[in-house]
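J.: What follows is the file upload_10.cif, containing mmCIF, C-alpha atoms and all ligand atoms:
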data_target
loop_
_atom_site.group_PDB
_atom_site.id
_atom_site.type_symbol
_atom_site.label_atom_id
_atom_site.label_comp_id
_atom_site.auth_asym_id
_atom_site.auth_seq_id
_atom_site.Cartn_x
_atom_site.Cartn_y
_atom_site.Cartn_z
ATOM 1 C CA MET Q 1 -7.345 24.198 0.828
ATOM 2 C CA SER Q 2 -8.503 27.077 2.994
ATOM 3 C CA GLU Q 3 -6.298 28.258 5.836
ATOM 4 C CA ILE Q 4 -7.455 26.904 9.195
ATOM 5 C CA PRO Q 5 -8.128 29.756 11.655
ATOM 6 C CA GLY Q 6 -5.923 29.813 14.737
ATOM 7 C CA THR Q 7 -8.889 29.977 17.089
ATOM 8 C CA LYS Q 8 -10.192 26.675 15.716
ATOM 9 C CA ILE Q 9 -6.823 25.059 16.285
ATOM 10 C CA GLU Q 10 -6.640 26.369 19.866
ATOM 11 C CA GLU Q 11 -10.200 25.185 20.523
ATOM 12 C CA LEU Q 12 -9.578 21.660 19.318
ATOM 13 C CA HIS Q 13 -6.283 21.538 21.190
ATOM 14 C CA GLU Q 14 -8.072 22.501 24.394
ATOM 15 C CA LYS Q 15 -10.827 19.938 23.799
ATOM 16 C CA LEU Q 16 -8.332 17.144 23.150
ATOM 17 C CA ARG Q 17 -6.257 18.159 26.158
ATOM 18 C CA LYS Q 18 -9.307 18.032 28.432
ATOM 19 C CA GLU Q 19 -10.533 14.737 27.027
ATOM 20 C CA ALA Q 20 -7.091 13.220 27.368
ATOM 21 C CA GLY Q 21 -6.784 14.389 30.959
ATOM 22 C CA ASN Q 22 -10.199 12.981 31.854
ATOM 23 C CA SER Q 23 -9.301 9.511 30.540
ATOM 24 C CA GLY Q 24 -5.720 9.101 31.665
ATOM 25 C CA TYR Q 25 -4.014 10.204 28.466
ATOM 26 C CA TYR Q 26 -1.496 12.998 27.968
ATOM 27 C CA LEU Q 27 -1.031 15.381 25.067
ATOM 28 C CA ASN Q 28 2.514 16.270 24.145
ATOM 29 C CA PRO Q 29 3.323 19.283 26.388
ATOM 30 C CA ASP Q 30 5.381 20.906 23.586
ATOM 31 C CA LYS Q 31 2.602 23.254 22.582
ATOM 32 C CA GLU Q 32 4.038 24.466 19.288
ATOM 33 C CA PHE Q 33 4.594 20.886 18.145
ATOM 34 C CA THR Q 34 1.143 19.803 19.319
ATOM 35 C CA LEU Q 35 -0.695 22.768 17.778
ATOM 36 C CA ASP Q 36 0.893 21.945 14.435
ATOM 37 C CA LEU Q 37 -0.453 18.391 14.665
ATOM 38 C CA VAL Q 38 -3.892 19.630 15.716
ATOM 39 C CA LYS Q 39 -3.912 21.921 12.690
ATOM 40 C CA SER Q 40 -3.082 18.933 10.480
ATOM 41 C CA LEU Q 41 -5.954 16.990 12.037
ATOM 42 C CA LEU Q 42 -8.276 19.843 11.036
ATOM 43 C CA ILE Q 43 -6.818 19.890 7.504
ATOM 44 C CA ASN Q 44 -7.472 16.166 7.213
ATOM 45 C CA GLU Q 45 -10.957 16.538 8.654
ATOM 46 C CA GLU Q 46 -11.616 19.116 5.972
ATOM 47 C CA ARG Q 47 -10.232 17.143 3.043
ATOM 48 C CA PHE Q 48 -11.351 13.624 4.034
ATOM 49 C CA GLY Q 49 -14.299 14.243 6.345
ATOM 50 C CA TYR Q 50 -12.479 12.614 9.266
ATOM 51 C CA PRO Q 51 -9.292 13.426 11.188
ATOM 52 C CA ALA Q 52 -6.904 10.923 9.623
ATOM 53 C CA CYS Q 53 -3.463 10.614 11.216
ATOM 54 C CA PRO Q 54 -1.322 13.534 10.004
ATOM 55 C CA CYS Q 55 1.788 11.353 9.725
ATOM 56 C CA ARG Q 56 0.314 8.566 7.628
ATOM 57 C CA LEU Q 57 -0.897 8.397 4.048
ATOM 58 C CA ALA Q 58 -4.695 8.212 4.105
ATOM 59 C CA SER Q 59 -6.581 6.676 1.193
ATOM 60 C CA GLY Q 60 -9.523 9.025 1.586
ATOM 61 C CA LYS Q 61 -11.887 6.042 2.009
ATOM 62 C CA ARG Q 62 -13.131 5.880 5.564
ATOM 63 C CA GLU Q 63 -13.318 2.051 5.744
ATOM 64 C CA GLU Q 64 -9.689 1.738 4.649
ATOM 65 C CA ASP Q 65 -8.500 4.485 6.966
ATOM 66 C CA LEU Q 66 -10.541 3.485 10.007
ATOM 67 C CA ASP Q 67 -7.496 2.264 11.933
ATOM 68 C CA ILE Q 68 -5.668 5.592 11.425
ATOM 69 C CA ILE Q 69 -8.451 7.983 12.350
ATOM 70 C CA CYS Q 70 -7.094 9.905 15.320
ATOM 71 C CA PRO Q 71 -6.794 8.497 17.957
ATOM 72 C CA CYS Q 72 -5.559 5.522 15.926
ATOM 73 C CA ASP Q 73 -5.660 1.838 16.808
ATOM 74 C CA TYR Q 74 -1.879 1.967 17.458
ATOM 75 C CA ARG Q 75 -1.768 4.859 19.904
ATOM 76 C CA ASP Q 76 -2.010 3.034 23.208
ATOM 77 C CA ARG Q 77 0.485 0.342 22.250
ATOM 78 C CA ASP Q 78 3.015 2.918 21.072
ATOM 79 C CA VAL Q 79 2.521 5.182 24.066
ATOM 80 C CA THR Q 80 3.182 2.190 26.319
ATOM 81 C CA GLY Q 81 6.055 0.842 24.237
ATOM 82 C CA TYR Q 82 7.791 4.033 23.128
ATOM 83 C CA GLY Q 83 6.412 6.761 25.365
ATOM 84 C CA ALA Q 84 4.610 8.448 22.454
ATOM 85 C CA CYS Q 85 2.239 7.730 19.590
ATOM 86 C CA TYR Q 86 3.583 7.684 16.038
ATOM 87 C CA CYS Q 87 3.090 11.453 15.575
ATOM 88 C CA ALA Q 88 3.900 12.167 19.234
ATOM 89 C CA LEU Q 89 0.603 13.989 19.729
ATOM 90 C CA TYR Q 90 -0.137 11.669 22.669
ATOM 91 C CA VAL Q 91 2.610 10.744 25.080
ATOM 92 C CA SER Q 92 3.020 8.689 28.247
ATOM 93 C CA LYS Q 93 2.896 10.230 31.699
ATOM 94 C CA GLN Q 94 6.667 9.925 31.955
ATOM 95 C CA THR Q 95 7.216 11.603 28.603
ATOM 96 C CA SER Q 96 4.761 14.346 29.504
ATOM 97 C CA LYS Q 97 6.893 15.164 32.529
ATOM 98 C CA GLY Q 98 9.975 15.398 30.368
ATOM 99 C CA GLU Q 99 11.561 12.263 31.853
ATOM 100 C CA ILE Q 100 11.798 10.628 28.401
ATOM 101 C CA PRO Q 101 12.623 12.690 25.302
ATOM 102 C CA VAL Q 102 10.131 12.680 22.429
ATOM 103 C CA LYS Q 103 11.501 11.166 19.278
ATOM 104 C CA ALA Q 104 10.347 9.542 16.060
ATOM 105 C CA ILE Q 105 9.349 5.898 16.523
ATOM 106 C CA PRO Q 106 8.964 3.029 14.036
ATOM 107 C CA GLU Q 107 5.633 2.515 12.239
ATOM 108 C CA SER Q 108 3.399 -0.049 13.998
ATOM 109 C CA ARG Q 109 0.683 -0.114 11.361
ATOM 110 C CA PRO Q 110 0.983 -3.275 9.254
ATOM 111 C CA GLY Q 111 1.359 -2.897 5.470
ATOM 112 C CA LYS Q 112 -1.715 -2.809 3.263
ATOM 113 C CA GLN Q 113 -1.676 -6.483 2.214
ATOM 114 C CA GLU Q 114 -1.262 -7.628 5.786
ATOM 115 C CA ARG Q 115 -4.069 -5.352 6.949
ATOM 116 C CA LEU Q 116 -6.428 -6.801 4.366
ATOM 117 C CA LYS Q 117 -5.525 -10.323 5.431
ATOM 118 C CA MET Q 118 -6.036 -9.543 9.096
ATOM 119 C CA ALA Q 119 -9.401 -7.936 8.420
ATOM 120 C CA GLN Q 120 -10.551 -10.968 6.442
ATOM 121 C CA GLU Q 121 -9.552 -13.365 9.193
ATOM 122 C CA GLN Q 122 -11.225 -11.251 11.817
ATOM 123 C CA ASN Q 123 -14.367 -11.101 9.743
ATOM 124 C CA LYS Q 124 -14.424 -14.843 9.247
ATOM 125 C CA GLN Q 125 -13.883 -15.500 12.925
ATOM 126 C CA THR Q 126 -16.676 -13.197 13.992
ATOM 127 C CA LYS Q 127 -19.066 -14.721 11.509
ATOM 128 C CA GLU Q 128 -18.209 -18.310 12.370
ATOM 129 C CA THR Q 129 -18.241 -18.018 16.137
ATOM 130 C CA PRO Q 130 -21.548 -17.064 17.647
ATOM 131 C CA PHE Q 131 -21.064 -15.633 21.116
ATOM 132 C CA PRO Q 132 -21.221 -18.282 23.831
ATOM 133 C CA SER Q 133 -24.853 -19.098 24.430
ATOM 134 C CA LYS Q 134 -24.434 -18.989 28.195
ATOM 135 C CA LEU Q 135 -23.795 -15.268 27.878
ATOM 136 C CA PRO Q 136 -26.890 -13.113 27.689
ATOM 137 C CA LEU Q 137 -25.086 -10.504 25.518
ATOM 138 C CA PRO Q 138 -22.103 -10.201 23.205
ATOM 139 C CA VAL Q 139 -19.026 -8.315 24.407
ATOM 140 C CA TYR Q 140 -17.606 -5.498 22.285
ATOM 141 C CA ARG Q 141 -14.102 -4.087 22.504
ATOM 142 C CA CYS Q 142 -12.935 -0.617 21.555
ATOM 143 C CA LYS Q 143 -9.940 -1.185 19.286
ATOM 144 C CA VAL Q 144 -8.400 2.096 20.380
ATOM 145 C CA CYS Q 145 -8.476 1.960 24.180
ATOM 146 C CA GLY Q 146 -9.601 -1.599 24.943
ATOM 147 C CA TYR Q 147 -12.846 -0.601 26.692
ATOM 148 C CA LEU Q 148 -15.143 -3.645 26.949
ATOM 149 C CA CYS Q 149 -18.906 -3.614 27.184
ATOM 150 C CA ALA Q 150 -21.625 -6.275 27.152
ATOM 151 C CA ARG Q 151 -24.609 -4.922 25.262
ATOM 152 C CA PRO Q 152 -26.581 -5.634 22.105
ATOM 153 C CA GLU Q 153 -24.471 -3.161 20.112
ATOM 154 C CA PRO Q 154 -21.388 -1.022 20.737
ATOM 155 C CA PRO Q 155 -22.078 2.527 21.993
ATOM 156 C CA ASP Q 156 -22.191 5.390 19.466
ATOM 157 C CA ILE Q 157 -19.169 6.965 21.142
ATOM 158 C CA CYS Q 158 -16.613 5.169 23.277
ATOM 159 C CA PRO Q 159 -17.086 6.528 26.807
ATOM 160 C CA ILE Q 160 -13.333 6.372 27.424
ATOM 161 C CA CYS Q 161 -11.521 7.521 24.307
ATOM 162 C CA LYS Q 162 -14.450 9.086 22.404
ATOM 163 C CA VAL Q 163 -13.995 7.211 19.124
ATOM 164 C CA THR Q 164 -17.021 6.278 17.041
ATOM 165 C CA LYS Q 165 -19.013 3.033 17.044
ATOM 166 C CA ASP Q 166 -17.309 1.684 13.911
ATOM 167 C CA ARG Q 167 -14.034 1.403 15.852
ATOM 168 C CA PHE Q 168 -15.420 -1.468 17.959
ATOM 169 C CA GLU Q 169 -14.986 -5.183 17.339
ATOM 170 C CA ARG Q 170 -16.852 -8.112 18.796
ATOM 171 C CA PHE Q 171 -14.636 -9.568 21.496
ATOM 172 C CA ILE Q 172 -16.694 -12.450 22.904
ATOM 173 C CA MET U 1 3.578 14.904 -10.753
ATOM 174 C CA LYS U 2 4.969 17.852 -8.867
ATOM 175 C CA ILE U 3 8.529 17.386 -7.654
ATOM 176 C CA ASN U 4 9.734 20.278 -5.515
ATOM 177 C CA SER U 5 13.399 21.221 -5.700
ATOM 178 C CA VAL U 6 15.182 22.962 -2.894
ATOM 179 C CA LYS U 7 18.453 24.623 -3.842
ATOM 180 C CA GLY U 8 21.590 24.199 -1.802
ATOM 181 C CA VAL U 9 24.919 22.455 -1.685
ATOM 182 C CA LYS U 10 24.781 19.181 -3.567
ATOM 183 C CA LYS U 11 25.883 16.492 -1.155
ATOM 184 C CA ALA U 12 24.019 13.661 -2.825
ATOM 185 C CA GLU U 13 21.007 12.952 -5.000
ATOM 186 C CA ILE U 14 18.265 13.230 -2.398
ATOM 187 C CA MET U 15 14.657 12.258 -3.049
ATOM 188 C CA LEU U 16 12.490 12.855 -0.012
ATOM 189 C CA TYR U 17 8.969 11.402 0.077
ATOM 190 C CA THR U 18 6.826 13.319 2.525
ATOM 191 C CA LEU U 19 3.285 14.221 3.589
ATOM 192 C CA SER U 20 2.285 17.866 3.825
ATOM 193 C CA THR U 21 0.724 17.314 7.260
ATOM 194 C CA CYS U 22 3.346 15.057 8.822
ATOM 195 C CA ILE U 23 5.328 16.572 11.653
ATOM 196 C CA TRP U 24 8.399 14.354 11.223
ATOM 197 C CA CYS U 25 8.451 15.175 7.515
ATOM 198 C CA LYS U 26 8.449 18.868 8.378
ATOM 199 C CA LYS U 27 11.297 18.313 10.793
ATOM 200 C CA THR U 28 13.271 16.458 8.137
ATOM 201 C CA LYS U 29 12.757 19.240 5.595
ATOM 202 C CA GLN U 30 13.749 21.787 8.224
ATOM 203 C CA LEU U 31 16.912 19.867 9.015
ATOM 204 C CA LEU U 32 17.886 19.672 5.325
ATOM 205 C CA ASN U 33 17.143 23.390 4.959
ATOM 206 C CA ASP U 34 19.284 24.174 8.002
ATOM 207 C CA LEU U 35 22.098 22.026 6.622
ATOM 208 C CA GLY U 36 21.751 23.922 3.362
ATOM 209 C CA VAL U 37 21.783 20.866 1.118
ATOM 210 C CA GLU U 38 20.075 20.446 -2.233
ATOM 211 C CA TYR U 39 17.148 18.025 -2.299
ATOM 212 C CA ASN U 40 13.931 17.126 -4.056
ATOM 213 C CA TYR U 41 10.715 16.277 -2.287
ATOM 214 C CA ILE U 42 7.195 15.180 -3.082
ATOM 215 C CA ASP U 43 4.258 15.677 -0.718
ATOM 216 C CA VAL U 44 2.571 12.407 -1.602
ATOM 217 C CA ASP U 45 -0.755 13.266 0.066
ATOM 218 C CA THR U 46 -1.285 16.176 -2.333
ATOM 219 C CA LEU U 47 -1.152 14.003 -5.477
ATOM 220 C CA THR U 48 -3.994 12.518 -7.517
ATOM 221 C CA ALA U 49 -5.123 9.015 -6.537
ATOM 222 C CA GLU U 50 -3.378 7.609 -9.594
ATOM 223 C CA ASP U 51 -0.039 9.259 -8.825
ATOM 224 C CA LYS U 52 -0.345 8.268 -5.176
ATOM 225 C CA GLU U 53 -0.716 4.662 -6.241
ATOM 226 C CA LYS U 54 2.316 4.902 -8.540
ATOM 227 C CA LEU U 55 4.513 6.460 -5.907
ATOM 228 C CA THR U 56 3.396 4.023 -3.235
ATOM 229 C CA VAL U 57 4.792 1.211 -5.388
ATOM 230 C CA GLU U 58 8.057 3.153 -5.768
ATOM 231 C CA ILE U 59 8.351 3.895 -2.037
ATOM 232 C CA GLU U 60 7.551 0.298 -1.160
ATOM 233 C CA LYS U 61 10.823 -0.745 -2.820
ATOM 234 C CA TRP U 62 12.693 1.194 -0.169
ATOM 235 C CA ASN U 63 10.300 0.946 2.724
ATOM 236 C CA ALA U 64 7.822 -1.924 2.964
ATOM 237 C CA ALA U 65 5.629 -0.028 5.438
ATOM 238 C CA VAL U 66 5.403 2.992 3.072
ATOM 239 C CA SER U 67 5.866 5.344 5.996
ATOM 240 C CA PHE U 68 6.932 8.966 5.860
ATOM 241 C CA PRO U 69 9.402 10.547 5.539
ATOM 242 C CA THR U 70 11.330 8.139 3.319
ATOM 243 C CA MET U 71 14.571 9.678 2.150
ATOM 244 C CA VAL U 72 16.269 7.964 -0.785
ATOM 245 C CA ILE U 73 19.943 8.832 -1.194
ATOM 246 C CA ASN U 74 21.673 8.410 -4.555
ATOM 247 C CA ASN U 75 19.009 5.913 -5.528
ATOM 248 C CA LYS U 76 20.978 3.437 -3.413
ATOM 249 C CA GLU U 77 19.860 3.592 0.184
ATOM 250 C CA ALA U 78 17.038 4.994 2.250
ATOM 251 C CA ILE U 79 16.598 6.576 5.655
ATOM 252 C CA LEU U 80 13.181 5.893 7.162
ATOM 253 C CA GLY U 81 11.630 8.415 9.502
ATOM 254 C CA TYR U 82 13.196 11.494 11.052
ATOM 255 C CA GLN U 83 16.739 10.367 11.861
ATOM 256 C CA PRO U 84 18.914 13.466 12.223
ATOM 257 C CA ASP U 85 22.071 11.554 13.172
ATOM 258 C CA ASP U 86 21.708 9.119 10.260
ATOM 259 C CA ILE U 87 21.056 11.962 7.853
ATOM 260 C CA ARG U 88 24.157 13.861 8.954
ATOM 261 C CA GLU U 89 26.252 10.709 8.789
ATOM 262 C CA LYS U 90 25.072 9.622 5.344
ATOM 263 C CA LEU U 91 25.540 13.122 3.950
ATOM 264 C CA LYS U 92 28.895 13.407 5.702
ATOM 265 C CA ILE U 93 28.051 16.662 7.426
HETATM 266 S S1 LIG Q 201 -2.923 8.955 18.002
HETATM 267 FE FE1 LIG Q 201 -1.039 9.883 17.245
HETATM 268 S S2 LIG Q 201 -0.278 8.422 15.719
HETATM 269 FE FE2 LIG Q 201 -2.425 7.932 16.122
HETATM 270 S S3 LIG Q 201 -3.592 9.057 14.605
HETATM 271 FE FE3 LIG Q 201 -3.483 10.376 16.369
HETATM 272 S S4 LIG Q 201 -1.697 11.645 16.032
HETATM 273 FE FE4 LIG Q 201 -1.509 9.932 14.610
#
Any chance you could put this one into structure tokens?
Ligand code: SF4
T.:
Amino acid sequence: MSEIPGTKIEELHEKLRKEAGNSGYYLNPDKEFTLDLVKSLLINEERFGYPACPCRLASGKREEDLDIICPCDYRDRDVTGYGACYCALYVSKQTSKGEIPVKAIPESRPGKQERLKMAQEQNKQTKETPFPSKLPLPVYRCKVCGYLCARPEPPDICPICKVTKDRFERFI
Amino acid sequence: MKINSVKGVKKAEIMLYTLSTCIWCKKTKQLLNDLGVEYNYIDVDTLTAEDKEKLTVEIEKWNAAVSFPTMVINNKEAILGYQPDDIREKLKI
């Protein structure tokens, strides 16, 4: 594994910080801690081709790791519930101001068997239920930030949290 | 499979399952280093797919979610996640 240059880490950190700020998210203000996580995201990008969560074991297969590509499907819930995401890269407004200390939180991602079961059920449901015919378009939901849109297909990039199209599910 | 050994005072048989990129794993290693205790660790993400699979089954016995770090003490109990107070208590430091 090649060493990731510091300038690349700083650049990505700055990009993520800006994007977070523009969409109502907060990066952990502890810069040393956060830069280390950003570096790990770049390491994972390099070895898997996508920035898998640094604190979780990725399989290396994109479909299986989709829910833990950063930002993961669990971020918003954990930030609301615990004041930080699992790695504590993203934190709540309160945590960002230092009103709540950052600490390790329990894992919200279901185990592998449960994930497979959930995916199957979801798949079945989507296939079996055509969207209500009184609606002119289906509604898609971003699994990361909850953004909803009525259009023939999800957008390539979520306008709110910037995740890719494959992170959307049909909602209605 | 590469098991890394860190020398120190032997307080217990410690097997620490970690990821090389995980911040809480790094903090746990740092804490054990600062406490100066002897421990073994494996960075599970750096293993071959086959070894990963094998170890996942092993870690699952202690931690159904297979999250990291998982610290197995004396092959009897496990501490899940970065829990400095628990670690100090279980190692009687
Ligand atoms: S949002 Fe936090 S917990 Fe989720 S993948 Fe990114 S760093 Fe990991």
J.: Name the closest residue to chain U among the candidates Q:Lys134, Q:Arg109, Q:His13, Q:Lys97; distances are taken between atoms, counting all atoms listed in the file.
T.: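 Among the listed residues, the smallest separation from chain U belongs to Q:Arg109.
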J.: Using Å and a single decimal, report how far CA of Leu47 (chain U) sits from CA of Lys2 (chain U).
T.: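 One can read the CA of Lys2 (chain U) to CA of Leu47 (chain U) distance as 8.0 Å.
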J.: Do you have the CA of Gly21 (chain Q)-CA of Ile100 (chain Q) distance handy?
T.: 19.1 Å
J.: Evaluate the PyMOL selection byres (((not hetatm)) within 6 of (chain Q and resi 201)) on the structure here and hand back the selected residues as a VMD selection string.
T.: chain Q and resid 53 to 54 68 to 72 75 85 to 90
J.: Put the listed atoms of region 43-46 of chain U in a box along x, y and z with 6 Å added on every side and give me the centre and edge lengths in Å to one decimal, as JSON.
T.:
{"center_x": 1.5, "center_y": 14.3, "center_z": -1.1, "size_x": 17.5, "size_y": 15.8, "size_z": 14.4}
J.: Give the answer as one residue: which of U:Lys7, U:Lys29, U:Lys52, U:Lys61 has the shortest atom-to-atom distance to Ile87 (chain U), using all atoms listed in the file?
T.: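 Once distances to Ile87 (chain U) are computed over all atoms listed in the file, the minimum belongs to U:Lys29.
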J.: Expressed in Å to a single decimal, how great is the separation between CA of Leu16 (chain Q) and CA of Asp73 (chain Q)?
T.: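 Separating CA of Leu16 (chain Q) from CA of Asp73 (chain Q) is a distance of 16.8 Å.
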J.: Since I can't run it myself right now, could you work out what the PyMOL selection byres ((chain U) within 6 of (chain Q and not hetatm)) selects here and report it as a list of chain:residue names?
T.: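 Taken over the shown coordinates, the PyMOL selection byres ((chain U) within 6 of (chain Q and not hetatm)) returns U:Thr21, U:Cys22, U:Ala65.
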J.: With all heavy atoms as the goal, would you fill in the gaps in region 58-67 of chain U and present it as a PDB file, keeping the file's coordinate frame?
T.:
ATOM      1  N   GLU U  58       6.649   2.739  -5.754  1.00  0.00           N
ATOM      2  CA  GLU U  58       8.057   3.153  -5.768  1.00  0.00           C
ATOM      3  C   GLU U  58       8.626   3.184  -4.333  1.00  0.00           C
ATOM      4  O   GLU U  58       9.706   2.659  -4.074  1.00  0.00           O
ATOM      5  CB  GLU U  58       8.142   4.536  -6.444  1.00  0.00           C
ATOM      6  CG  GLU U  58       9.494   5.222  -6.393  1.00  0.00           C
ATOM      7  CD  GLU U  58      10.602   4.449  -7.093  1.00  0.00           C
ATOM      8  OE1 GLU U  58      10.273   3.683  -8.034  1.00  0.00           O
ATOM      9  OE2 GLU U  58      11.776   4.593  -6.682  1.00  0.00           O
ATOM     10  N   ILE U  59       7.856   3.761  -3.412  1.00  0.00           N
ATOM     11  CA  ILE U  59       8.351   3.895  -2.037  1.00  0.00           C
ATOM     12  C   ILE U  59       8.469   2.523  -1.363  1.00  0.00           C
ATOM     13  O   ILE U  59       9.385   2.265  -0.596  1.00  0.00           O
ATOM     14  CB  ILE U  59       7.431   4.834  -1.216  1.00  0.00           C
ATOM     15  CG1 ILE U  59       7.423   6.232  -1.825  1.00  0.00           C
ATOM     16  CG2 ILE U  59       7.860   4.895   0.241  1.00  0.00           C
ATOM     17  CD1 ILE U  59       6.320   7.148  -1.319  1.00  0.00           C
ATOM     18  N   GLU U  60       7.554   1.644  -1.736  1.00  0.00           N
ATOM     19  CA  GLU U  60       7.551   0.298  -1.160  1.00  0.00           C
ATOM     20  C   GLU U  60       8.884  -0.425  -1.397  1.00  0.00           C
ATOM     21  O   GLU U  60       9.303  -1.241  -0.588  1.00  0.00           O
ATOM     22  CB  GLU U  60       6.397  -0.500  -1.772  1.00  0.00           C
ATOM     23  CG  GLU U  60       5.677  -1.350  -0.766  1.00  0.00           C
ATOM     24  CD  GLU U  60       4.425  -1.975  -1.333  1.00  0.00           C
ATOM     25  OE1 GLU U  60       4.114  -1.738  -2.525  1.00  0.00           O
ATOM     26  OE2 GLU U  60       3.772  -2.710  -0.586  1.00  0.00           O
ATOM     27  N   LYS U  61       9.531  -0.110  -2.512  1.00  0.00           N
ATOM     28  CA  LYS U  61      10.823  -0.745  -2.820  1.00  0.00           C
ATOM     29  C   LYS U  61      11.852  -0.427  -1.746  1.00  0.00           C
ATOM     30  O   LYS U  61      12.752  -1.196  -1.489  1.00  0.00           O
ATOM     31  CB  LYS U  61      11.370  -0.201  -4.148  1.00  0.00           C
ATOM     32  CG  LYS U  61      10.621  -0.670  -5.373  1.00  0.00           C
ATOM     33  CD  LYS U  61      11.386  -0.188  -6.608  1.00  0.00           C
ATOM     34  CE  LYS U  61      10.438   0.047  -7.759  1.00  0.00           C
ATOM     35  NZ  LYS U  61      10.972   1.022  -8.730  1.00  0.00           N
ATOM     36  N   TRP U  62      11.718   0.745  -1.165  1.00  0.00           N
ATOM     37  CA  TRP U  62      12.693   1.194  -0.169  1.00  0.00           C
ATOM     38  C   TRP U  62      12.201   0.944   1.232  1.00  0.00           C
ATOM     39  O   TRP U  62      12.993   0.830   2.175  1.00  0.00           O
ATOM     40  CB  TRP U  62      12.930   2.707  -0.341  1.00  0.00           C
ATOM     41  CG  TRP U  62      13.457   3.060  -1.686  1.00  0.00           C
ATOM     42  CD1 TRP U  62      12.766   3.566  -2.737  1.00  0.00           C
ATOM     43  CD2 TRP U  62      14.808   2.912  -2.147  1.00  0.00           C
ATOM     44  NE1 TRP U  62      13.590   3.737  -3.818  1.00  0.00           N
ATOM     45  CE2 TRP U  62      14.854   3.354  -3.476  1.00  0.00           C
ATOM     46  CE3 TRP U  62      15.990   2.450  -1.542  1.00  0.00           C
ATOM     47  CZ2 TRP U  62      16.020   3.347  -4.230  1.00  0.00           C
ATOM     48  CZ3 TRP U  62      17.147   2.458  -2.284  1.00  0.00           C
ATOM     49  CH2 TRP U  62      17.166   2.896  -3.613  1.00  0.00           C
ATOM     50  N   ASN U  63      10.884   0.919   1.393  1.00  0.00           N
ATOM     51  CA  ASN U  63      10.300   0.946   2.724  1.00  0.00           C
ATOM     52  C   ASN U  63       8.957   0.211   2.669  1.00  0.00           C
ATOM     53  O   ASN U  63       7.961   0.772   2.226  1.00  0.00           O
ATOM     54  CB  ASN U  63      10.136   2.429   3.102  1.00  0.00           C
ATOM     55  CG  ASN U  63       9.409   2.626   4.408  1.00  0.00           C
ATOM     56  OD1 ASN U  63       9.033   1.672   5.090  1.00  0.00           O
ATOM     57  ND2 ASN U  63       9.212   3.884   4.757  1.00  0.00           N
ATOM     58  N   ALA U  64       8.991  -1.054   3.114  1.00  0.00           N
ATOM     59  CA  ALA U  64       7.822  -1.924   2.964  1.00  0.00           C
ATOM     60  C   ALA U  64       6.578  -1.333   3.625  1.00  0.00           C
ATOM     61  O   ALA U  64       5.459  -1.527   3.147  1.00  0.00           O
ATOM     62  CB  ALA U  64       8.123  -3.294   3.544  1.00  0.00           C
ATOM     63  N   ALA U  65       6.778  -0.579   4.710  1.00  0.00           N
ATOM     64  CA  ALA U  65       5.629  -0.028   5.438  1.00  0.00           C
ATOM     65  C   ALA U  65       5.063   1.208   4.737  1.00  0.00           C
ATOM     66  O   ALA U  65       3.988   1.678   5.106  1.00  0.00           O
ATOM     67  CB  ALA U  65       6.047   0.325   6.860  1.00  0.00           C
ATOM     68  N   VAL U  66       5.771   1.732   3.733  1.00  0.00           N
ATOM     69  CA  VAL U  66       5.403   2.992   3.072  1.00  0.00           C
ATOM     70  C   VAL U  66       5.074   4.066   4.116  1.00  0.00           C
ATOM     71  O   VAL U  66       3.993   4.637   4.139  1.00  0.00           O
ATOM     72  CB  VAL U  66       4.230   2.815   2.075  1.00  0.00           C
ATOM     73  CG1 VAL U  66       4.105   4.053   1.169  1.00  0.00           C
ATOM     74  CG2 VAL U  66       4.410   1.594   1.209  1.00  0.00           C
ATOM     75  N   SER U  67       6.049   4.306   4.980  1.00  0.00           N
ATOM     76  CA  SER U  67       5.866   5.344   5.996  1.00  0.00           C
ATOM     77  C   SER U  67       6.646   6.586   5.561  1.00  0.00           C
ATOM     78  O   SER U  67       7.453   6.527   4.637  1.00  0.00           O
ATOM     79  CB  SER U  67       6.349   4.832   7.347  1.00  0.00           C
ATOM     80  OG  SER U  67       7.711   4.458   7.271  1.00  0.00           O
TER      81      SER U  67
END
